[in-house]
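Asker: Please find query-v3.txt (compact mmCIF, C-alpha atoms) on the next line:
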# COMPACT_ATOMS: atom_id res chain seq x y z
CA MET A 21 66.14 -74.40 12.07
CA LYS A 22 63.53 -75.89 14.40
CA ARG A 23 64.18 -73.10 16.83
CA HIS A 24 63.48 -70.53 14.14
CA THR A 25 60.11 -71.99 13.22
CA LEU A 26 59.14 -72.03 16.89
CA LEU A 27 60.20 -68.44 17.31
CA ALA A 28 58.26 -67.46 14.22
CA ALA A 29 55.19 -69.22 15.59
CA ILE A 30 55.48 -67.42 18.92
CA LEU A 31 55.85 -64.10 17.14
CA THR A 32 52.72 -64.69 15.09
CA MET A 33 50.79 -65.59 18.22
CA ALA A 34 51.98 -62.46 19.96
CA ALA A 35 50.97 -60.43 16.93
CA THR A 36 47.40 -61.75 17.04
CA THR A 37 46.93 -61.23 20.77
CA LEU A 38 48.51 -57.79 20.69
CA ASN A 39 46.24 -56.84 17.83
CA ALA A 40 46.53 -53.10 17.51
CA ASP A 41 42.74 -52.69 17.34
CA VAL A 42 42.14 -54.37 20.71
CA ILE A 43 41.47 -51.92 23.51
CA ALA A 44 43.50 -52.92 26.60
CA PRO A 45 41.67 -53.03 29.95
CA SER A 46 43.42 -49.88 31.14
CA ASP A 47 42.45 -47.98 27.97
CA VAL A 48 38.73 -48.69 28.08
CA VAL A 49 36.66 -45.49 27.95
CA MET A 50 33.37 -45.37 29.83
CA ASN A 51 30.79 -42.66 30.18
CA GLU A 52 29.38 -41.61 33.54
CA TYR A 53 26.94 -44.57 33.57
CA GLY A 54 29.67 -47.10 32.89
CA ASP A 55 28.62 -47.58 29.26
CA ILE A 56 31.31 -48.48 26.72
CA SER A 57 30.27 -47.55 23.22
CA GLU A 58 33.32 -48.81 21.33
CA SER A 59 33.81 -52.50 20.61
CA LEU A 60 36.88 -53.79 22.46
CA THR A 61 38.04 -55.59 19.33
CA GLY A 62 36.87 -53.01 16.83
CA GLU A 63 34.44 -55.62 15.47
CA GLY A 64 31.14 -57.25 16.29
CA GLY A 65 31.23 -60.44 18.36
CA ASN A 66 30.10 -63.98 17.58
CA PRO A 67 26.91 -64.79 19.56
CA GLU A 68 27.38 -68.57 19.14
CA ARG A 69 30.74 -68.42 20.83
CA GLY A 70 29.21 -66.09 23.42
CA ILE A 71 27.16 -69.06 24.64
CA GLU A 72 30.34 -71.04 25.20
CA VAL A 73 32.00 -68.22 27.12
CA MET A 74 28.95 -67.70 29.30
CA THR A 75 28.53 -71.35 30.26
CA ASP A 76 32.19 -72.44 30.62
CA ARG A 77 33.23 -72.52 34.28
CA GLY A 78 36.77 -71.45 33.44
CA LEU A 79 35.61 -68.47 31.39
CA GLY A 80 32.53 -66.37 32.14
CA ASN A 81 30.60 -68.91 34.20
CA CYS A 82 27.73 -66.43 34.02
CA ILE A 83 25.06 -69.06 34.59
CA ALA A 84 26.60 -69.79 38.00
CA CYS A 85 24.75 -66.65 39.07
CA HIS A 86 22.17 -66.04 36.32
CA GLN A 87 19.22 -67.99 34.98
CA VAL A 88 18.85 -67.87 31.18
CA THR A 89 15.87 -69.72 29.68
CA ALA A 90 17.50 -69.94 26.25
CA LEU A 91 20.46 -71.78 27.80
CA GLU A 92 18.38 -74.38 29.59
CA GLU A 93 20.28 -77.25 27.92
CA PHE A 94 23.21 -76.31 30.18
CA GLN A 95 22.68 -77.52 33.72
CA PHE A 96 22.68 -75.62 36.99
CA HIS A 97 21.68 -71.99 36.66
CA GLY A 98 22.24 -69.90 39.76
CA GLU A 99 20.06 -67.35 41.53
CA VAL A 100 22.58 -64.83 42.82
CA GLY A 101 21.86 -62.36 40.01
CA PRO A 102 18.62 -61.63 38.12
CA SER A 103 17.49 -63.71 35.15
CA LEU A 104 19.07 -62.49 31.92
CA ASP A 105 15.92 -63.22 29.93
CA GLY A 106 15.04 -60.10 27.94
CA VAL A 107 18.28 -58.37 28.91
CA GLY A 108 18.84 -57.33 25.27
CA SER A 109 15.65 -55.29 25.43
CA ARG A 110 16.56 -53.65 28.73
CA TRP A 111 20.08 -52.55 27.82
CA ASP A 112 21.82 -51.49 24.60
CA ALA A 113 25.18 -52.91 23.49
CA ALA A 114 27.19 -50.13 25.15
CA ALA A 115 25.50 -50.70 28.49
CA LEU A 116 25.85 -54.49 28.25
CA ARG A 117 29.54 -54.15 27.39
CA GLY A 118 29.97 -51.83 30.38
CA ILE A 119 28.27 -54.33 32.71
CA VAL A 120 30.42 -57.24 31.55
CA VAL A 121 33.66 -55.22 31.65
CA ASN A 122 33.05 -53.80 35.13
CA ALA A 123 29.57 -54.22 36.59
CA LYS A 124 30.51 -52.13 39.62
CA ASN A 125 30.10 -48.98 37.54
CA ALA A 126 26.47 -49.65 36.70
CA PHE A 127 25.71 -51.36 40.01
CA PRO A 128 27.86 -50.00 42.83
CA ASP A 129 29.17 -52.74 45.18
CA SER A 130 27.68 -55.42 42.92
CA VAL A 131 28.48 -59.03 43.74
CA MET A 132 29.12 -59.50 40.01
CA PRO A 133 32.82 -59.82 39.13
CA SER A 134 34.57 -57.38 36.78
CA PHE A 135 35.52 -59.42 33.76
CA TYR A 136 37.81 -57.02 31.90
CA ARG A 137 39.87 -55.33 34.56
CA VAL A 138 43.47 -55.90 35.68
CA ASP A 139 44.05 -53.81 38.78
CA GLY A 140 42.71 -53.08 42.23
CA PHE A 141 42.41 -56.72 43.32
CA ILE A 142 43.12 -57.92 46.87
CA ARG A 143 45.32 -61.06 47.01
CA PRO A 144 44.79 -62.00 43.36
CA GLY A 145 45.37 -65.71 42.80
CA ASP A 146 46.76 -67.80 39.97
CA GLY A 147 43.56 -69.34 38.59
CA TYR A 148 42.01 -71.72 41.10
CA THR A 149 45.31 -72.86 42.64
CA GLY A 150 45.07 -70.69 45.76
CA ARG A 151 48.59 -69.43 45.07
CA ALA A 152 49.55 -65.81 44.43
CA ILE A 153 49.59 -64.71 40.82
CA GLU A 154 53.05 -64.16 39.39
CA GLY A 155 53.66 -61.40 36.88
CA PRO A 156 51.06 -59.18 35.30
CA ILE A 157 47.37 -59.95 35.76
CA SER A 158 45.32 -60.93 32.71
CA PRO A 159 41.66 -60.00 32.75
CA ILE A 160 39.26 -62.90 33.44
CA LEU A 161 37.95 -62.63 29.88
CA SER A 162 39.66 -61.50 26.68
CA ALA A 163 38.34 -58.62 24.57
CA GLN A 164 37.04 -61.19 22.11
CA ASP A 165 35.23 -63.10 24.87
CA VAL A 166 33.53 -59.89 26.01
CA GLU A 167 32.40 -58.99 22.50
CA ASP A 168 31.06 -62.50 21.91
CA ILE A 169 29.06 -62.28 25.13
CA VAL A 170 27.71 -58.84 24.26
CA ALA A 171 26.63 -60.16 20.86
CA TYR A 172 24.81 -63.04 22.53
CA LEU A 173 23.15 -60.93 25.22
CA GLN A 174 21.71 -58.71 22.50
CA THR A 175 19.82 -61.72 21.16
CA LEU A 176 18.01 -62.10 24.51
CA THR A 177 15.08 -59.83 23.70
CA ASP A 178 11.53 -60.01 25.05
CA MET B 4 18.28 -45.91 24.15
CA VAL B 5 18.49 -42.55 25.82
CA THR B 6 15.43 -43.51 27.83
CA ILE B 7 17.30 -46.52 29.16
CA LYS B 8 19.94 -44.19 30.54
CA LYS B 9 17.38 -41.94 32.16
CA ASN B 10 15.83 -44.98 33.75
CA ARG B 11 19.12 -46.46 34.85
CA LEU B 12 18.39 -45.96 38.51
CA GLY B 13 14.91 -47.34 38.14
CA LEU B 14 16.24 -50.39 36.34
CA MET B 15 18.85 -50.96 39.01
CA GLY B 16 16.08 -50.96 41.51
CA GLY B 17 14.31 -53.49 39.34
CA ALA B 18 17.31 -55.78 39.28
CA ALA B 19 17.67 -55.56 43.02
CA VAL B 20 14.00 -56.36 43.49
CA ALA B 21 14.31 -59.30 41.11
CA ALA B 22 17.26 -60.61 43.12
CA LEU B 23 15.28 -60.26 46.32
CA ALA B 24 12.33 -62.04 44.81
CA PHE B 25 14.62 -64.95 43.98
CA ALA B 26 15.93 -64.98 47.51
CA GLY B 27 12.34 -65.13 48.69
CA THR B 28 11.54 -68.21 46.65
CA ALA B 29 14.69 -70.05 47.62
CA MET B 30 14.14 -69.18 51.27
CA ALA B 31 11.01 -71.30 51.21
CA ASP B 32 13.27 -74.40 51.19
CA ILE B 33 14.78 -73.61 54.53
CA GLY B 34 13.36 -73.76 57.97
CA ASP B 35 10.31 -75.73 56.92
CA ASN B 36 9.80 -77.31 60.32
CA GLU B 37 12.59 -79.82 59.99
CA SER B 38 14.36 -81.06 63.07
CA LEU B 39 17.59 -82.90 63.70
CA VAL B 40 17.81 -85.38 66.55
CA VAL B 41 20.97 -87.49 66.36
CA ASN B 42 20.66 -91.14 67.42
CA GLY B 43 17.18 -90.36 68.62
CA GLU B 44 18.64 -88.50 71.60
CA ILE B 45 20.85 -85.49 70.84
CA GLU B 46 18.58 -82.58 69.95
CA MET B 47 20.16 -79.98 67.68
CA VAL B 48 19.26 -76.33 67.34
CA ILE B 49 19.27 -75.99 63.56
CA GLU B 50 17.83 -72.50 63.49
CA THR B 51 17.51 -69.76 66.06
CA ASP B 52 17.61 -66.02 66.64
CA PRO B 53 20.88 -64.40 65.60
CA PRO B 54 23.43 -63.41 68.24
CA GLU B 55 23.32 -59.76 69.21
CA HIS B 56 26.14 -58.68 66.88
CA LEU B 57 24.19 -59.97 63.86
CA GLN B 58 20.86 -58.43 64.67
CA GLY B 59 19.71 -56.48 61.65
CA VAL B 60 21.89 -58.71 59.45
CA PHE B 61 19.96 -61.97 59.77
CA ASP B 62 16.40 -62.65 60.91
CA ARG B 63 17.41 -66.19 61.82
CA ILE B 64 20.65 -68.14 61.80
CA TYR B 65 20.71 -71.64 60.34
CA SER B 66 22.96 -74.64 60.59
CA GLY B 67 24.34 -75.71 57.21
CA TRP B 68 22.44 -78.98 57.73
CA VAL B 69 19.20 -77.17 56.80
CA PHE B 70 20.46 -76.54 53.26
CA ARG B 71 21.41 -80.09 52.41
CA SER B 72 19.38 -82.77 50.64
CA ASP B 73 17.11 -85.14 52.56
CA GLU B 74 19.52 -88.05 52.04
CA THR B 75 22.54 -86.10 53.30
CA GLN B 76 20.53 -84.86 56.27
CA ALA B 77 19.45 -88.38 57.17
CA MET B 78 23.06 -89.65 57.24
CA GLN B 79 23.88 -87.17 59.98
CA ALA B 80 20.98 -88.27 62.16
CA ASP B 81 22.42 -91.72 62.86
CA ASP B 82 26.00 -92.47 63.90
CA PHE B 83 25.90 -95.81 62.10
CA GLU B 84 25.27 -93.96 58.83
CA ASN B 85 27.82 -91.24 59.55
CA PRO B 86 31.31 -92.12 58.21
CA GLY B 87 32.74 -89.20 60.19
CA MET B 88 32.22 -91.24 63.35
CA ILE B 89 34.67 -93.89 62.14
CA PHE B 90 37.38 -91.24 62.25
CA ALA B 91 36.29 -90.05 65.68
CA ASP B 92 36.62 -93.64 66.87
CA GLN B 93 40.16 -93.82 65.47
CA ALA B 94 41.02 -90.77 67.57
CA ARG B 95 39.54 -92.50 70.61
CA GLU B 96 42.32 -95.07 70.28
CA ALA B 97 44.94 -92.38 69.85
CA PHE B 98 43.59 -90.68 72.96
CA ASP B 99 44.59 -93.68 75.05
CA THR B 100 47.96 -94.20 73.33
CA VAL B 101 51.18 -93.06 74.95
CA MET B 102 52.94 -90.51 72.72
CA GLY B 103 56.15 -88.51 73.23
CA SER B 104 58.99 -88.51 75.72
CA GLU B 105 56.96 -88.02 78.91
CA GLY B 106 55.17 -91.35 78.83
CA ASN B 107 51.76 -89.69 78.71
CA SER B 108 48.64 -90.34 76.73
CA CYS B 109 45.88 -87.76 76.53
CA ALA B 110 44.00 -89.96 79.00
CA THR B 111 46.76 -89.52 81.59
CA CYS B 112 45.47 -86.02 82.22
CA HIS B 113 42.02 -85.97 80.60
CA GLU B 114 40.26 -88.99 81.99
CA ASN B 115 38.32 -89.63 78.79
CA PRO B 116 37.23 -87.69 75.68
CA GLU B 117 33.88 -86.96 77.34
CA SER B 118 35.72 -84.85 79.93
CA LEU B 119 36.39 -82.43 77.02
CA ALA B 120 32.69 -82.09 76.14
CA ASP B 121 32.62 -78.33 76.74
CA VAL B 122 35.54 -77.59 74.44
CA ARG B 123 34.02 -77.44 70.96
CA SER B 124 31.17 -75.11 71.92
CA THR B 125 33.52 -72.52 73.44
CA TYR B 126 36.46 -72.54 71.01
CA PRO B 127 38.35 -70.66 69.64
CA VAL B 128 39.17 -69.10 72.98
CA TRP B 129 41.68 -66.68 74.45
CA ASP B 130 44.62 -68.46 76.01
CA GLU B 131 45.94 -66.41 78.89
CA GLU B 132 49.26 -68.17 79.18
CA HIS B 133 50.20 -67.77 75.51
CA GLY B 134 48.47 -64.44 75.01
CA THR B 135 46.73 -65.58 71.81
CA VAL B 136 43.44 -66.98 70.62
CA GLN B 137 43.60 -70.75 70.31
CA THR B 138 41.62 -73.13 68.16
CA VAL B 139 40.99 -76.73 69.24
CA GLU B 140 43.82 -77.79 66.94
CA LEU B 141 46.30 -75.35 68.50
CA GLN B 142 45.26 -76.47 71.98
CA VAL B 143 45.78 -80.15 71.14
CA ASN B 144 49.23 -79.37 69.77
CA GLU B 145 50.02 -77.34 72.87
CA CYS B 146 49.33 -80.42 75.00
CA MET B 147 51.40 -82.61 72.72
CA THR B 148 54.45 -80.38 72.59
CA GLU B 149 54.38 -78.80 76.05
CA ARG B 150 52.93 -81.63 78.15
CA MET B 151 53.78 -84.85 76.35
CA GLY B 152 57.13 -84.12 74.71
CA ALA B 153 55.59 -85.25 71.43
CA GLU B 154 55.81 -83.98 67.87
CA PRO B 155 52.76 -81.85 67.06
CA TYR B 156 50.19 -83.13 64.59
CA GLY B 157 50.11 -81.32 61.26
CA TYR B 158 47.37 -78.69 61.58
CA ASP B 159 45.27 -80.29 58.86
CA SER B 160 46.62 -83.84 59.14
CA GLN B 161 44.42 -86.92 59.26
CA GLU B 162 45.28 -87.44 62.95
CA MET B 163 44.33 -83.89 63.81
CA ARG B 164 41.05 -83.99 61.87
CA ASN B 165 40.25 -87.26 63.64
CA MET B 166 41.01 -85.77 67.06
CA SER B 167 38.97 -82.69 66.23
CA ALA B 168 36.07 -84.95 65.18
CA LEU B 169 36.31 -86.80 68.48
CA ILE B 170 36.34 -83.58 70.51
CA SER B 171 33.32 -82.28 68.56
CA SER B 172 31.43 -85.54 68.79
CA VAL B 173 31.52 -85.60 72.59
CA GLY B 174 30.23 -82.02 72.66
CA ARG B 175 27.34 -82.52 70.25
CA GLY B 176 24.13 -80.82 71.23
CA ARG B 177 25.84 -78.15 73.35
CA ILE B 178 24.97 -74.57 72.49
CA ILE B 179 27.77 -72.66 70.79
CA ASN B 180 28.86 -69.85 73.07
CA VAL B 181 32.15 -68.42 71.85
CA ALA B 182 33.41 -65.24 73.52
CA MET B 183 34.21 -62.24 71.34
CA ASP B 184 34.92 -59.66 74.01
CA GLY B 185 37.77 -59.02 76.43
CA PRO B 186 41.25 -59.93 75.24
CA ALA B 187 39.84 -61.81 72.21
CA GLN B 188 38.18 -58.72 70.80
CA GLU B 189 41.07 -57.52 68.67
CA THR B 190 41.40 -60.91 67.00
CA TRP B 191 37.63 -61.04 66.53
CA GLU B 192 37.71 -57.69 64.77
CA GLN B 193 40.50 -58.86 62.50
CA GLY B 194 38.35 -61.88 61.63
CA ARG B 195 35.38 -59.68 60.85
CA GLU B 196 37.53 -57.55 58.58
CA ILE B 197 38.59 -60.66 56.65
CA TYR B 198 34.97 -61.84 56.45
CA TYR B 199 33.91 -58.69 54.63
CA THR B 200 36.96 -58.33 52.36
CA ARG B 201 36.39 -59.06 48.69
CA TYR B 202 39.35 -61.24 47.76
CA GLY B 203 40.66 -62.48 44.45
CA LEU B 204 40.00 -61.82 40.80
CA LEU B 205 36.31 -62.53 41.40
CA GLU B 206 36.26 -60.00 44.27
CA LEU B 207 33.93 -61.99 46.50
CA SER B 208 33.81 -61.81 50.28
CA CYS B 209 32.46 -64.47 52.59
CA ALA B 210 29.52 -62.14 53.15
CA ASN B 211 28.75 -61.81 49.42
CA CYS B 212 27.94 -65.51 49.32
CA HIS B 213 27.00 -66.55 52.86
CA GLU B 214 25.27 -63.40 54.15
CA GLN B 215 23.75 -61.80 51.04
CA ASN B 216 22.93 -64.99 49.17
CA TYR B 217 22.26 -67.87 51.55
CA GLY B 218 19.29 -69.85 50.34
CA ASN B 219 20.20 -69.08 46.71
CA ASN B 220 21.88 -71.46 44.32
CA ILE B 221 25.28 -70.61 42.95
CA ARG B 222 25.74 -72.95 40.02
CA ALA B 223 24.78 -76.35 41.53
CA ASP B 224 25.42 -75.39 45.15
CA HIS B 225 22.72 -74.32 47.58
CA LEU B 226 24.38 -71.57 49.62
CA SER B 227 24.23 -71.83 53.41
CA GLN B 228 25.21 -69.19 55.94
CA GLY B 229 28.71 -70.69 56.07
CA GLN B 230 28.45 -71.67 59.73
CA ILE B 231 31.16 -73.80 61.38
CA ASN B 232 29.10 -75.37 64.16
CA ALA B 233 29.08 -78.68 62.25
CA PHE B 234 32.82 -79.13 61.74
CA PRO B 235 34.75 -81.14 61.01
CA ALA B 236 32.53 -82.19 58.11
CA TYR B 237 32.69 -85.49 56.28
CA ARG B 238 32.23 -84.55 52.63
CA LEU B 239 30.74 -87.08 50.24
CA ARG B 240 32.65 -85.34 47.43
CA ASN B 241 36.10 -86.22 48.78
CA ALA B 242 35.08 -88.98 51.21
CA GLN B 243 37.06 -87.57 54.12
CA LEU B 244 36.85 -85.25 57.08
CA ASN B 245 37.31 -81.57 56.23
CA SER B 246 38.57 -79.08 58.77
CA VAL B 247 37.32 -75.54 59.29
CA HIS B 248 40.49 -74.05 57.85
CA GLY B 249 40.42 -76.48 54.93
CA ARG B 250 36.95 -75.22 54.09
CA PHE B 251 38.00 -71.58 54.42
CA ARG B 252 40.90 -72.23 52.11
CA GLY B 253 38.63 -73.84 49.52
CA CYS B 254 36.18 -70.97 49.61
CA ILE B 255 38.88 -68.31 49.19
CA ARG B 256 40.62 -70.32 46.45
CA ASP B 257 37.34 -70.39 44.53
CA THR B 258 37.35 -66.60 44.36
CA ARG B 259 40.59 -66.94 42.36
CA ALA B 260 42.52 -65.53 45.28
CA GLU B 261 45.74 -66.29 47.10
CA THR B 262 44.47 -68.04 50.22
CA PHE B 263 45.83 -67.90 53.75
CA ALA B 264 47.48 -71.02 55.15
CA VAL B 265 45.66 -73.46 57.42
CA GLY B 266 46.64 -72.65 60.99
CA SER B 267 47.65 -69.09 60.05
CA PRO B 268 46.82 -66.19 62.38
CA GLU B 269 44.42 -64.89 59.73
CA PHE B 270 42.42 -68.13 59.65
CA VAL B 271 42.45 -68.36 63.46
CA ALA B 272 40.96 -64.85 63.57
CA LEU B 273 38.44 -65.71 60.86
CA GLU B 274 37.48 -68.90 62.70
CA LEU B 275 36.89 -66.97 65.91
CA TYR B 276 34.68 -64.47 64.10
CA VAL B 277 32.71 -67.07 62.13
CA ALA B 278 32.25 -69.18 65.26
CA THR B 279 30.54 -66.25 67.00
CA ARG B 280 28.17 -65.88 64.04
CA GLY B 281 26.87 -69.30 65.10
CA ASN B 282 26.41 -68.54 68.80
CA GLY B 283 23.07 -70.14 69.67
CA LEU B 284 23.33 -73.10 67.27
CA THR B 285 24.55 -76.49 68.54
CA VAL B 286 27.76 -78.46 68.03
CA GLU B 287 27.10 -80.99 65.23
CA GLY B 288 30.50 -82.26 64.14
CA PRO B 289 31.32 -84.59 62.61
CA SER B 290 28.61 -83.65 60.12
CA ILE B 291 27.81 -84.85 56.60
CA ARG B 292 28.08 -82.52 53.65
CA ASN B 293 28.09 -83.00 49.89
Re-express the file's structure as C-alpha cells.
Answerer:
Amino acid sequence: MKRHTLLAAILTMAATTLNADVIAPSDVVMNEYGDISESLTGEGGNPERGIEVMTDRGLGNCIACHQVTALEEFQFHGEVGPSLDGVGSRWDAAALRGIVVNAKNAFPDSVMPSFYRVDGFIRPGDGYTGRAIEGPISPILSAQDVEDIVAYLQTLTD
Amino acid sequence: MVTIKKNRLGLMGGAAVAALAFAGTAMADIGDNESLVVNGEIEMVIETDPPEHLQGVFDRIYSGWVFRSDETQAMQADDFENPGMIFADQAREAFDTVMGSEGNSCATCHENPESLADVRSTYPVWDEEHGTVQTVELQVNECMTERMGAEPYGYDSQEMRNMSALISSVGRGRIINVAMDGPAQETWEQGREIYYTRYGLLELSCANCHEQNYGNNIRADHLSQGQINAFPAYRLRNAQLNSVHGRFRGCIRDTRAETFAVGSPEFVALELYVATRGNGLTVEGPSIRN
C-alpha cells in the first residue's frame, strides 16, 4: 500500500517535469543570431522568482559576474560581465532567452556559461564535488528557471 | 526589435568595451606602489615584466599578494604574524628526524634546510634519472623511498605541505626561474593545453578567470593572475596550508568539472606551465591568503 502511494507520487513528479510543452535542450530552435523566440515552457515566466534564480549560487549565480543595480540588496556583484542595468531595453525576450540558453551564439567564445545545454562539455562534474557526472547531464537551469530569468531581465529597462 | 538585430555586432562591441572599462577601474587597485619586504629584510618582486612567452598577453605579471586586503598583506610581511611559518618549523624537526630503514634523516645528506634554498625557485624541473618532470613533492618522496627506505608522504598530506612550506621558506626572495625548454618542453606544452581548456559544466578555463579577468571581482573574490610563486599558502578560510595541486583542484571543481588528482601527471604538467608564467616574481611561500 505504502509502496503504491510512493510510486504514484514519483509518477506525478515525472509527469510534471516531463511536461509535454517543455522544450528539451536538444530541441531548442535558434535563428542565426542565437535568438529563441518560443518560450521554453510555452508560458511566460515569473520575474519575482527570476530574482531568486539569478542570485542563488547553486542556480544562475548571475551576479557573480554581473552588476545589477536593482539587486543591490544581494551582496557581492562581480565585474566579469557588463552591468545588466537596462538590458531589457537593449535586447528583446527572444535575444535574452538565447543569451541565457547559450551565450556563445550571441557572443562567440564568451566567458559566460551556457545555462540550458547538455552536451559538448569537457570533463563534466557532478555539481561541485569534483567527481565525474554519472548518467545523463541535466542543464544548469531548468526551462522554468530560464523563463523566470527572461521575465525578470525584461523588467530591467532604462 | 529588428534594429536590435541589425545592431547586434555593434552591441557586442559595446558589451566588450563595457567589460574592458570595468577591468580598467579594477586595475587601479593593483600595483599602486605597494612593496613587500618580509621581516624587514627579504625583498619581494610583487610585479614585473612578463616572461617572454607571455609577452602580448600581460603588460605586467603580479604576485597574488597584490590582490589581497591590507590586513592579509600585512600578515605575510612578518613571520611572527604568519601561521604558515609554524608548519615550516614543524618540518624543520622532521628534517632532522631519522625515518625509514636506512637510518637517515634528511639532514644526513642535506646539511640543513637552507642548503635547499635554490629548490623552490627552479621547480618543477626535469629529472634526468627518472625521465620525468618532478615537483618538490615528488622529489621529497624520491629521497624518502629511494634513499631512506621510508614510506612516502601522501602527496597532499600535512607532513608534505609542511615540508614544502619549509623548502619554500628558505628560498624566499629568490627569483623564480623555471625552465620550459629542452626535455621539459613536452610536459610544459601539455600544461599550457590544460590551462586554456574550458572544463566543466561552466566551461571555464584557467585563462578565462586568471588571464582575461584578473583585477575583476567574481562574486566576492578579487581575481589574481593565479600565480603559484607564493605556495604553499596558509588560507584564513580553512586555517591550514594549501598546496599548489590542492588549489588547482579547487579551481577546477568550481567550474563544475571532474578534477584531476593531486600528484597526477596532468597537475604536474599544469604546475610546470603555471610556474613559468611567474618567472621573474619571487618565492613567497608560505604566504597568507583569504
Asker: How close does chain B get to chain A? List, as a Markdown table, each residue of chain B within 6 Å, its nearest atom pair and the distance in Å to one decimal, counting only C-alpha atoms.
Answerer:
| residue | atom | partner | partner_atom | distance |
| --- | --- | --- | --- | --- |
| B:Ala21 | CA | A:Pro102 | CA | 5.7 |
| B:Ala22 | CA | A:Pro102 | CA | 5.3 |
| B:Tyr202 | CA | A:Ile142 | CA | 5.1 |
| B:Gly203 | CA | A:Pro144 | CA | 4.3 |
| B:Leu204 | CA | A:Pro144 | CA | 5.4 |
| B:Leu205 | CA | A:Pro133 | CA | 5.0 |
| B:Asn219 | CA | A:Glu99 | CA | 5.5 |
| B:Asn220 | CA | A:Gly98 | CA | 4.8 |
| B:Ile221 | CA | A:Gly98 | CA | 4.5 |
| B:Arg222 | CA | A:Ala84 | CA | 3.8 |
| B:Ala223 | CA | A:Phe96 | CA | 5.1 |
| B:Arg256 | CA | A:Gly150 | CA | 4.5 |
| B:Asp257 | CA | A:Tyr148 | CA | 5.9 |
| B:Arg259 | CA | A:Gly145 | CA | 5.0 |
| B:Ala260 | CA | A:Gly145 | CA | 3.8 |
| B:Glu261 | CA | A:Gly145 | CA | 4.4 |
| B:Thr262 | CA | A:Gly150 | CA | 5.2 |
Asker: How many Å lie between atom CA of Asp159 of chain B and atom CA of Asn245 of chain B, rounded to one decimal?
Answerer: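 These atoms are spaced 8.5 Å apart.
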Asker: Just checking: using only C-alpha atoms, which residue out of A:Ile169, A:Met74, A:Arg117, A:Leu176 ends up closest to Val49 of chain A?
Answerer: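 Of all the options, A:Arg117 lies closest to Val49 of chain A.
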Asker: To one decimal place in Å, what is the distance between atom CA of Val121 of chain A and atom CA of Glu52 of chain A?
Answerer: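 It comes out at 14.4 Å.
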Asker: Could you tell me how far atom CA of Trp129 of chain B lies from atom CA of Val143 of chain B, in Å and to one decimal?
Answerer: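 Atom CA of Val143 of chain B lies 14.5 Å from atom CA of Trp129 of chain B.
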Asker: Nearest residue to Asp129 of chain A out of B:Ile231, B:Ala153, B:Leu284, B:Leu207, using all atoms listed in the file?
Answerer: B:Leu207
Asker: Which is closest to Leu116 of chain A among A:Val73, A:Val48, A:Leu104, A:Val42, if we use only C-alpha atoms?
Answerer: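 Ranked by minimum distance to Leu116 of chain A, first place goes to A:Leu104.
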Asker: At a cut-off of 7 Å, using all atoms listed in the file, what residues contact segment 76-92 of chain B? Leave out same-chain residues fewer than 3 positions from it and give the result as a PyMOL selection string.
Answerer: chain B and resi 39-42+68+71-73+95-96+165-166+168-169+237+244+289-291
Asker: I'd like the neighbourhood of segment 187-201 of chain B as JSON, numbers by chain, where a residue qualifies if any of its atoms comes within 10 Å (using all atoms listed in the file), though same-chain residues fewer than 2 positions away should be ignored.
Answerer: {"A": [131, 141, 142, 143], "B": [127, 128, 129, 130, 134, 135, 136, 137, 182, 183, 184, 185, 203, 204, 205, 206, 207, 208, 209, 210, 211, 213, 214, 255, 258, 260, 268, 269, 270, 271, 272, 273, 274, 275, 276, 277, 278, 279]}
Asker: When you count all atoms listed in the file, which of these residues is closest to Glu154 of chain B: B:Thr75, B:Asn241, B:Ser171, B:Ser104?
Answerer: B:Ser104
Asker: Could you check which of B:Ala264, B:Cys112, B:Val69, B:Cys254 is closest to Glu37 of chain B, using all atoms listed in the file?
Answerer: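 For Glu37 of chain B, the nearest of the candidates is B:Val69.
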